[in-house]
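What follows is work_18.pdb (PDB, C-alpha atoms and all ligand atoms).
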```pdb
MODEL        1
ATOM      1  CA  MET V   1       2.452  -7.617  -7.505
ATOM      2  CA  ASN V   2       6.125  -8.516  -7.668
ATOM      3  CA  ILE V   3       7.410  -7.523  -4.232
ATOM      4  CA  CYS V   4      11.161  -7.012  -3.944
ATOM      5  CA  VAL V   5      12.552  -7.755  -0.485
ATOM      6  CA  PHE V   6      15.960  -6.580   0.656
ATOM      7  CA  CYS V   7      17.110  -8.289   3.839
ATOM      8  CA  SER V   8      19.999  -9.800   5.753
ATOM      9  CA  ALA V   9      22.012 -12.758   4.482
ATOM     10  CA  ALA V  10      22.811 -13.672   8.111
ATOM     11  CA  ASP V  11      21.187 -16.196  10.460
ATOM     12  CA  LEU V  12      19.202 -14.131  12.946
ATOM     13  CA  ASP V  13      17.223 -14.380  16.173
ATOM     14  CA  GLU V  14      13.621 -15.553  16.237
ATOM     15  CA  VAL V  15      12.268 -12.019  16.737
ATOM     16  CA  TYR V  16      13.509 -11.206  13.208
ATOM     17  CA  THR V  17      12.852 -14.537  11.505
ATOM     18  CA  ALA V  18       9.260 -14.697  12.807
ATOM     19  CA  ALA V  19       8.413 -11.250  11.401
ATOM     20  CA  ALA V  20      10.110 -12.036   8.073
ATOM     21  CA  ARG V  21       8.253 -15.353   7.797
ATOM     22  CA  GLU V  22       4.934 -13.657   8.541
ATOM     23  CA  PHE V  23       5.454 -11.106   5.783
ATOM     24  CA  ALA V  24       6.691 -13.800   3.370
ATOM     25  CA  GLU V  25       3.559 -15.869   3.976
ATOM     26  CA  LEU V  26       1.384 -12.837   3.250
ATOM     27  CA  ILE V  27       3.198 -12.431  -0.087
ATOM     28  CA  GLY V  28       2.496 -16.048  -1.016
ATOM     29  CA  LYS V  29      -1.071 -16.278   0.297
ATOM     30  CA  ARG V  30      -2.130 -13.099  -1.494
ATOM     31  CA  GLY V  31      -0.806 -14.309  -4.846
ATOM     32  CA  HIS V  32       2.186 -12.000  -5.092
ATOM     33  CA  ALA V  33       5.681 -12.982  -6.248
ATOM     34  CA  LEU V  34       8.965 -12.412  -4.405
ATOM     35  CA  VAL V  35      11.889 -10.700  -6.081
ATOM     36  CA  TRP V  36      14.980 -11.178  -3.890
ATOM     37  CA  GLY V  37      18.741 -11.585  -3.979
ATOM     38  CA  GLY V  38      18.406 -15.266  -4.864
ATOM     39  CA  SER V  39      20.615 -16.687  -2.123
ATOM     40  CA  ASP V  40      19.575 -19.632   0.036
ATOM     41  CA  VAL V  41      21.164 -18.306   3.206
ATOM     42  CA  GLY V  42      20.105 -16.477   6.367
ATOM     43  CA  LEU V  43      17.002 -14.314   6.399
ATOM     44  CA  MET V  44      16.962 -14.420   2.591
ATOM     45  CA  LYS V  45      16.250 -18.156   2.829
ATOM     46  CA  VAL V  46      13.602 -17.666   5.529
ATOM     47  CA  VAL V  47      11.745 -15.237   3.244
ATOM     48  CA  ALA V  48      12.061 -17.451   0.148
ATOM     49  CA  ASP V  49      10.896 -20.536   2.107
ATOM     50  CA  GLY V  50       7.926 -18.595   3.494
ATOM     51  CA  VAL V  51       6.773 -17.288   0.116
ATOM     52  CA  GLN V  52       7.213 -20.626  -1.667
ATOM     53  CA  GLY V  53       5.540 -22.562   1.177
ATOM     54  CA  ALA V  54       2.508 -20.265   0.911
ATOM     55  CA  GLY V  55       2.212 -20.788  -2.851
ATOM     56  CA  GLY V  56       3.997 -17.669  -4.111
ATOM     57  CA  ARG V  57       6.443 -17.394  -7.022
ATOM     58  CA  LEU V  58      10.168 -16.784  -6.542
ATOM     59  CA  ILE V  59      12.220 -14.567  -8.836
ATOM     60  CA  GLY V  60      15.858 -14.548  -7.760
ATOM     61  CA  VAL V  61      18.380 -11.962  -8.918
ATOM     62  CA  SER V  62      21.784 -13.260  -7.907
ATOM     63  CA  VAL V  63      25.199 -12.015  -8.915
ATOM     64  CA  GLU V  64      28.171 -13.859 -10.461
ATOM     65  CA  PHE V  65      30.349 -13.895  -7.330
ATOM     66  CA  LEU V  66      27.489 -15.251  -5.152
ATOM     67  CA  GLN V  67      26.078 -17.654  -7.730
ATOM     68  CA  HIS V  68      27.249 -20.664  -5.677
ATOM     69  CA  LYS V  69      24.794 -19.583  -2.922
ATOM     70  CA  ALA V  70      21.808 -19.325  -5.254
ATOM     71  CA  ARG V  71      18.650 -21.289  -4.408
ATOM     72  CA  ALA V  72      18.082 -24.281  -6.668
ATOM     73  CA  GLU V  73      14.272 -24.293  -6.700
ATOM     74  CA  THR V  74      12.916 -21.010  -8.046
ATOM     75  CA  ASP V  75      10.535 -19.932 -10.783
ATOM     76  CA  ASP V  76      13.182 -17.672 -12.267
ATOM     77  CA  MET V  77      16.838 -16.938 -11.514
ATOM     78  CA  ILE V  78      18.708 -14.072 -13.139
ATOM     79  CA  ILE V  79      22.476 -13.714 -12.682
ATOM     80  CA  ALA V  80      23.765 -10.143 -12.733
ATOM     81  CA  ARG V  81      27.405  -9.277 -13.514
ATOM     82  CA  ASP V  82      27.868  -7.069 -10.445
ATOM     83  CA  LEU V  83      25.976  -5.559  -7.504
ATOM     84  CA  ALA V  84      25.052  -2.381  -9.376
ATOM     85  CA  GLU V  85      23.468  -4.365 -12.207
ATOM     86  CA  ARG V  86      21.713  -6.572  -9.666
ATOM     87  CA  LYS V  87      20.067  -3.620  -7.902
ATOM     88  CA  ALA V  88      18.898  -2.250 -11.258
ATOM     89  CA  LEU V  89      17.460  -5.646 -12.277
ATOM     90  CA  MET V  90      15.710  -6.127  -8.932
ATOM     91  CA  LEU V  91      14.050  -2.737  -9.220
ATOM     92  CA  GLN V  92      13.153  -3.397 -12.855
ATOM     93  CA  HIS V  93      11.344  -6.637 -11.915
ATOM     94  CA  ALA V  94       9.568  -5.168  -8.871
ATOM     95  CA  ASP V  95       6.283  -3.316  -8.409
ATOM     96  CA  ALA V  96       7.121  -2.471  -4.800
ATOM     97  CA  VAL V  97      10.086  -2.724  -2.429
ATOM     98  CA  VAL V  98      10.210  -3.869   1.191
ATOM     99  CA  VAL V  99      13.319  -3.382   3.310
ATOM    100  CA  MET V 100      13.642  -5.848   6.172
ATOM    101  CA  VAL V 101      16.323  -5.954   8.849
ATOM    102  CA  GLY V 102      19.832  -6.232   7.457
ATOM    103  CA  GLY V 103      23.420  -5.071   7.438
ATOM    104  CA  THR V 104      25.452  -2.989   5.007
ATOM    105  CA  GLY V 105      24.200  -4.916   1.962
ATOM    106  CA  THR V 106      20.578  -4.159   2.819
ATOM    107  CA  LEU V 107      21.378  -0.550   3.661
ATOM    108  CA  ASP V 108      23.163  -0.130   0.317
ATOM    109  CA  GLU V 109      20.147  -1.504  -1.531
ATOM    110  CA  ALA V 110      17.676   0.614   0.429
ATOM    111  CA  THR V 111      19.519   3.909  -0.035
ATOM    112  CA  ASP V 112      20.093   3.198  -3.738
ATOM    113  CA  ILE V 113      16.392   2.630  -4.330
ATOM    114  CA  LEU V 114      15.451   5.728  -2.296
ATOM    115  CA  GLU V 115      17.966   7.897  -4.149
ATOM    116  CA  LEU V 116      16.522   6.830  -7.512
ATOM    117  CA  LYS V 117      13.032   7.583  -6.209
ATOM    118  CA  LYS V 118      14.134  10.998  -4.928
ATOM    119  CA  HIS V 119      15.283  11.849  -8.464
ATOM    120  CA  GLY V 120      11.979  10.683  -9.942
ATOM    121  CA  MET V 121      13.492   7.659 -11.680
ATOM    122  CA  HIS V 122      10.773   5.403 -10.302
ATOM    123  CA  ARG V 123       7.589   5.819  -8.274
ATOM    124  CA  LYS V 124       7.414   2.356  -6.697
ATOM    125  CA  PRO V 125       6.297   2.167  -3.067
ATOM    126  CA  VAL V 126       9.125   1.556  -0.586
ATOM    127  CA  VAL V 127       8.234   0.192   2.850
ATOM    128  CA  VAL V 128      10.678  -0.353   5.702
ATOM    129  CA  LEU V 129       9.559  -3.232   7.907
ATOM    130  CA  ASN V 130      10.793  -1.911  11.227
ATOM    131  CA  THR V 131      10.821  -5.156  13.205
ATOM    132  CA  ALA V 132      11.415  -4.624  16.938
ATOM    133  CA  GLY V 133      12.353  -0.996  16.237
ATOM    134  CA  PHE V 134      15.498  -2.090  14.335
ATOM    135  CA  TYR V 135      15.249   0.960  12.052
ATOM    136  CA  ASP V 136      14.224   3.537  14.680
ATOM    137  CA  GLY V 137      17.627   5.217  14.265
ATOM    138  CA  LEU V 138      17.304   5.378  10.475
ATOM    139  CA  GLN V 139      13.774   6.767  10.773
ATOM    140  CA  GLN V 140      14.956   9.435  13.183
ATOM    141  CA  GLN V 141      17.826  10.382  10.834
ATOM    142  CA  MET V 142      15.468  10.652   7.874
ATOM    143  CA  LEU V 143      12.955  12.726   9.838
ATOM    144  CA  ARG V 144      15.782  15.141  10.648
ATOM    145  CA  MET V 145      16.805  15.291   6.953
ATOM    146  CA  ASP V 146      13.195  16.109   6.146
ATOM    147  CA  ALA V 147      12.754  18.710   8.899
ATOM    148  CA  GLU V 148      16.025  20.489   8.057
ATOM    149  CA  ARG V 149      15.314  20.506   4.263
ATOM    150  CA  PHE V 150      17.962  18.038   3.129
ATOM    151  CA  LEU V 151      15.325  16.251   1.050
ATOM    152  CA  PRO V 152      13.815  17.828  -2.093
ATOM    153  CA  VAL V 153      10.619  15.796  -1.640
ATOM    154  CA  PRO V 154       8.623  15.081   1.518
ATOM    155  CA  LEU V 155       9.862  11.996   3.360
ATOM    156  CA  THR V 156       6.339  10.577   3.261
ATOM    157  CA  ASP V 157       6.554  10.529  -0.567
ATOM    158  CA  LEU V 158       9.742   8.456  -0.405
ATOM    159  CA  VAL V 159       9.220   5.790   2.207
ATOM    160  CA  THR V 160       6.792   4.342   4.747
ATOM    161  CA  PHE V 161       7.916   2.775   8.013
ATOM    162  CA  ALA V 162       5.753  -0.180   9.101
ATOM    163  CA  ALA V 163       5.853  -1.738  12.554
ATOM    164  CA  ASP V 164       4.801  -5.229  11.483
ATOM    165  CA  ALA V 165       4.027  -7.483   8.540
ATOM    166  CA  GLN V 166       0.324  -6.593   8.403
ATOM    167  CA  GLU V 167       1.051  -2.873   8.383
ATOM    168  CA  ALA V 168       3.663  -3.388   5.660
ATOM    169  CA  ILE V 169       1.352  -5.294   3.296
ATOM    170  CA  THR V 170      -1.420  -2.745   3.935
ATOM    171  CA  ALA V 171       0.983   0.078   3.016
ATOM    172  CA  LEU V 172       1.548  -1.697  -0.309
ATOM    173  CA  GLY V 173      -2.181  -1.894  -0.950
ATOM    174  CA  GLY V 174      -2.516  -5.526  -0.028
TER
HETATM  175  C1  LIG V 201      28.723 -14.044   2.744
HETATM  176  C2  LIG V 201      27.557 -14.959   2.915
HETATM  177  C3  LIG V 201      26.439 -14.873   2.225
HETATM  178  C4  LIG V 201      26.267 -13.764   1.290
HETATM  179  N1  LIG V 201      25.247 -14.087   0.435
HETATM  180  C5  LIG V 201      24.535 -13.209  -0.227
HETATM  181  N2  LIG V 201      23.821 -13.693  -1.242
HETATM  182  C6  LIG V 201      23.054 -12.867  -1.949
HETATM  183  N3  LIG V 201      22.919 -11.576  -1.710
HETATM  184  C7  LIG V 201      23.614 -11.066  -0.703
HETATM  185  C8  LIG V 201      24.473 -11.835   0.066
HETATM  186  N4  LIG V 201      25.059 -11.044   0.972
HETATM  187  C9  LIG V 201      24.571  -9.828   0.765
HETATM  188  N5  LIG V 201      23.670  -9.838  -0.219
HETATM  189  C10 LIG V 201      22.830  -8.715  -0.684
HETATM  190  O1  LIG V 201      22.806  -7.706   0.323
HETATM  191  C11 LIG V 201      21.659  -7.913   1.151
HETATM  192  C12 LIG V 201      22.083  -8.585   2.422
HETATM  193  O2  LIG V 201      23.247  -7.974   2.912
HETATM  194  P1  LIG V 201      23.401  -7.776   4.489
HETATM  195  O3  LIG V 201      24.705  -7.085   4.647
HETATM  196  O4  LIG V 201      23.372  -9.141   5.099
HETATM  197  O5  LIG V 201      22.241  -6.920   4.890
HETATM  198  C13 LIG V 201      20.679  -8.826   0.442
HETATM  199  O6  LIG V 201      19.448  -8.152   0.173
HETATM  200  C14 LIG V 201      21.395  -9.204  -0.843
HETATM  201  O7  LIG V 201      20.806  -8.679  -1.970
HETATM  202  C15 LIG V 201      27.632 -16.000   3.965
HETATM  203  O8  LIG V 201      28.173 -17.140   3.445
ENDMDL
END
```
Starting from the file, lay out its structure as structure tokens.
Amino acid sequence: MNICVFCSAADLDEVYTAAAREFAELIGKRGHALVWGGSDVGLMKVVADGVQGAGGRLIGVSVEFLQHKARAETDDMIIARDLAERKALMLQHADAVVVMVGGTGTLDEATDILELKKHGMHRKPVVVLNTAGFYDGLQQQMLRMDAERFLPVPLTDLVTFAADAQEAITALGG
């Protein structure tokens, strides 16, 4: 599988880096490839290092204005014109999507991918890796959307929340 990971570009505490590294190593050890934003910074670097160190392939999808942050050693590096094209290319190259902890960039990517799924434009599994309950608030908001009929499809058809790396890879079928 090509597993697309959306995650923070910031340098984060060990509780977040440890969980990200664990999931990254599962990607590599199980023979999957990583599709990610291509940058060699923050949690994005932790994930890329973890996958590559465990023998997995790296497919970066950077964007012109962040090209100077792109990782040098990858198996493939695509440069998109803008963020919208980048999200489309990341989805196109992915068989599944995992959302790790992040800020507005990660949230933008996650909601974009979920909106496309809601409209039936793809059927790829989307898993939120809810490290240390970081996304408890988002989960609660989405459960309310579901309960009060804001969503045209059941929430469980759109996204799975996983508490840890093992649960996340299991939700993707391994
Ligand atoms: C501004 C700095 C680094 C920014 N570098 C990025 N490189 C590549 N992709 C990025 C970067 N920043 C955001 N993204 C995309 O959004 C997600 C992370 O954003 P967040 O706000 O940190 O959650 C990530 O998945 C990228 O695709 C520091 O010099």
For the structure provided, state which residues fall under the PyMOL selection byres (((chain V and resi 139-148) around 12) and not hetatm), and present them as JSON, numbers by chain. {"V": [111, 114, 127, 128, 129, 130, 133, 134, 135, 136, 137, 138, 149, 150, 151, 152, 153, 154, 155, 156, 157, 158, 159, 160, 161, 162, 163]}
Using all atoms listed in the file, which of V:Met77, V:Ala110, V:Ala10, V:Ala24 sits nearest Gly37 in chain V?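 For Gly37 in chain V, the nearest of the given residues is V:Met77.
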Using all atoms listed in the file, which residues of the polymer chains come no farther than 8 Å from ligand LIG 201 (chain V)? I'd like the answer as number ranges by chain. V: 5-10, 36-42, 44, 62-63, 66-67, 69-70, 87, 101-109
Counting all atoms listed in the file, what is within 12 Å of Gly173 in chain V, bar same-chain residues fewer than 5 positions away, as a compact mmCIF listing (two decimals) with C-alpha atoms, in the frame of the given file?
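Just written: out.txt:
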```txt
# COMPACT_ATOMS: atom_id res chain seq x y z
CA MET V 1 2.45 -7.62 -7.50
CA ILE V 3 7.41 -7.52 -4.23
CA ILE V 27 3.20 -12.43 -0.09
CA ARG V 30 -2.13 -13.10 -1.49
CA HIS V 32 2.19 -12.00 -5.09
CA ASP V 95 6.28 -3.32 -8.41
CA ALA V 96 7.12 -2.47 -4.80
CA LYS V 124 7.41 2.36 -6.70
CA PRO V 125 6.30 2.17 -3.07
CA VAL V 126 9.12 1.56 -0.59
CA VAL V 127 8.23 0.19 2.85
CA GLN V 166 0.32 -6.59 8.40
CA GLU V 167 1.05 -2.87 8.38
CA ALA V 168 3.66 -3.39 5.66
```
Between V:Met100, V:Ala132, V:Ile79, V:Leu91, which has the minimum distance to Phe23 in chain V (counting only C-alpha atoms)?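 Among V:Met100, V:Ala132, V:Ile79, V:Leu91, it is V:Met100 that comes nearest to Phe23 in chain V.
Distance check against Val98 in chain V using all atoms listed in the file: of V:Thr74, V:Leu12, V:Glu25, V:Asn2, the minimum falls on V:Asn2.
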Could you work out an axis-aligned box for range 7-24 of chain V, taking every atom the file lists and adding 6 Å on each side, and report centre and edge lengths in Å to one decimal, as JSON?
```
{"center_x": 13.9, "center_y": -12.2, "center_z": 10.1, "size_x": 29.9, "size_y": 19.9, "size_z": 25.4}
```
Residues near Val46 in chain V, anyone? I mean within 8 Å using all atoms listed in the file, not counting same-chain ones fewer than 5 positions away, as a PyMOL selection string. chain V and resi 17+20-21+41
Can you write out the residues you just picked, keeping C-alpha atoms, as a PDB file, in the frame of the given file?
```pdb
ATOM      1  CA  THR V  17      12.852 -14.537  11.505  1.00  0.00           C
ATOM      2  CA  ALA V  20      10.110 -12.036   8.073  1.00  0.00           C
ATOM      3  CA  ARG V  21       8.253 -15.353   7.797  1.00  0.00           C
ATOM      4  CA  VAL V  41      21.164 -18.306   3.206  1.00  0.00           C
TER       5      VAL V  41
END
```
V:Glu73, V:Ala94, V:Ala19, V:Val51 ranked by distance to His122 in chain V, top pick (using all atoms listed in the file):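 Among V:Glu73, V:Ala94, V:Ala19, V:Val51, it is V:Ala94 that comes nearest to His122 in chain V.
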In Å, rounded to a single decimal, give me how far CA of Lys117 in chain V is from CA of Met90 in chain V.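 Separation between CA of Met90 in chain V and CA of Lys117 in chain V: 14.2 Å.
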Counting all atoms listed in the file, which residue out of V:Ile169, V:Ile113, V:Val97, V:Val35 sits closest to Ile78 in chain V? V:Val35
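In this model, the gap between CA of Leu58 in chain V and CA of Asp75 in chain V comes to 5.3 Å.
Put simply, CA of Gly53 in chain V is 14.5 Å away from CA of Ala18 in chain V.
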Which residue out of V:Leu89, V:Ala54, V:Met121, V:Leu83 has the minimum interatomic distance to Gly28 in chain V when only C-alpha atoms are used? V:Ala54
Filled-in N, CA and C atoms of range 35-52 of chain V, supplied as a tab-separated table (two decimals), in the coordinates of the input:
```tsv
chain	number	residue	atom	x	y	z
V	35	VAL	N	10.64	-10.99	-5.39
V	35	VAL	CA	11.89	-10.70	-6.08
V	35	VAL	C	12.91	-10.52	-4.96
V	36	TRP	N	13.97	-11.33	-4.98
V	36	TRP	CA	14.98	-11.18	-3.89
V	36	TRP	C	16.36	-11.53	-4.42
V	37	GLY	N	17.35	-11.41	-3.56
V	37	GLY	CA	18.74	-11.58	-3.98
V	37	GLY	C	19.13	-12.99	-4.39
V	38	GLY	N	18.21	-13.94	-4.30
V	38	GLY	CA	18.41	-15.27	-4.86
V	38	GLY	C	19.17	-16.25	-3.99
V	39	SER	N	19.81	-15.78	-2.93
V	39	SER	CA	20.62	-16.69	-2.12
V	39	SER	C	19.76	-17.52	-1.17
V	40	ASP	N	20.27	-18.71	-0.87
V	40	ASP	CA	19.58	-19.63	0.04
V	40	ASP	C	20.25	-19.62	1.39
V	41	VAL	N	20.49	-18.44	1.91
V	41	VAL	CA	21.16	-18.31	3.21
V	41	VAL	C	20.42	-17.28	4.08
V	42	GLY	N	20.57	-17.48	5.41
V	42	GLY	CA	20.10	-16.48	6.37
V	42	GLY	C	18.65	-16.09	6.22
V	43	LEU	N	18.38	-14.81	6.48
V	43	LEU	CA	17.00	-14.31	6.40
V	43	LEU	C	16.47	-14.38	4.96
V	44	MET	N	17.38	-14.31	4.00
V	44	MET	CA	16.96	-14.42	2.59
V	44	MET	C	16.30	-15.78	2.35
V	45	LYS	N	16.84	-16.80	2.97
V	45	LYS	CA	16.25	-18.16	2.83
V	45	LYS	C	14.91	-18.25	3.56
V	46	VAL	N	14.85	-17.65	4.75
V	46	VAL	CA	13.60	-17.67	5.53
V	46	VAL	C	12.47	-17.06	4.70
V	47	VAL	N	12.77	-15.93	4.04
V	47	VAL	CA	11.74	-15.24	3.24
V	47	VAL	C	11.36	-16.10	2.03
V	48	ALA	N	12.35	-16.63	1.34
V	48	ALA	CA	12.06	-17.45	0.15
V	48	ALA	C	11.25	-18.69	0.53
V	49	ASP	N	11.65	-19.35	1.63
V	49	ASP	CA	10.90	-20.54	2.11
V	49	ASP	C	9.45	-20.16	2.42
V	50	GLY	N	9.27	-19.03	3.08
V	50	GLY	CA	7.93	-18.60	3.49
V	50	GLY	C	7.02	-18.31	2.30
V	51	VAL	N	7.57	-17.62	1.31
V	51	VAL	CA	6.77	-17.29	0.12
V	51	VAL	C	6.42	-18.57	-0.64
V	52	GLN	N	7.44	-19.40	-0.88
V	52	GLN	CA	7.21	-20.63	-1.67
V	52	GLN	C	6.25	-21.57	-0.94
```
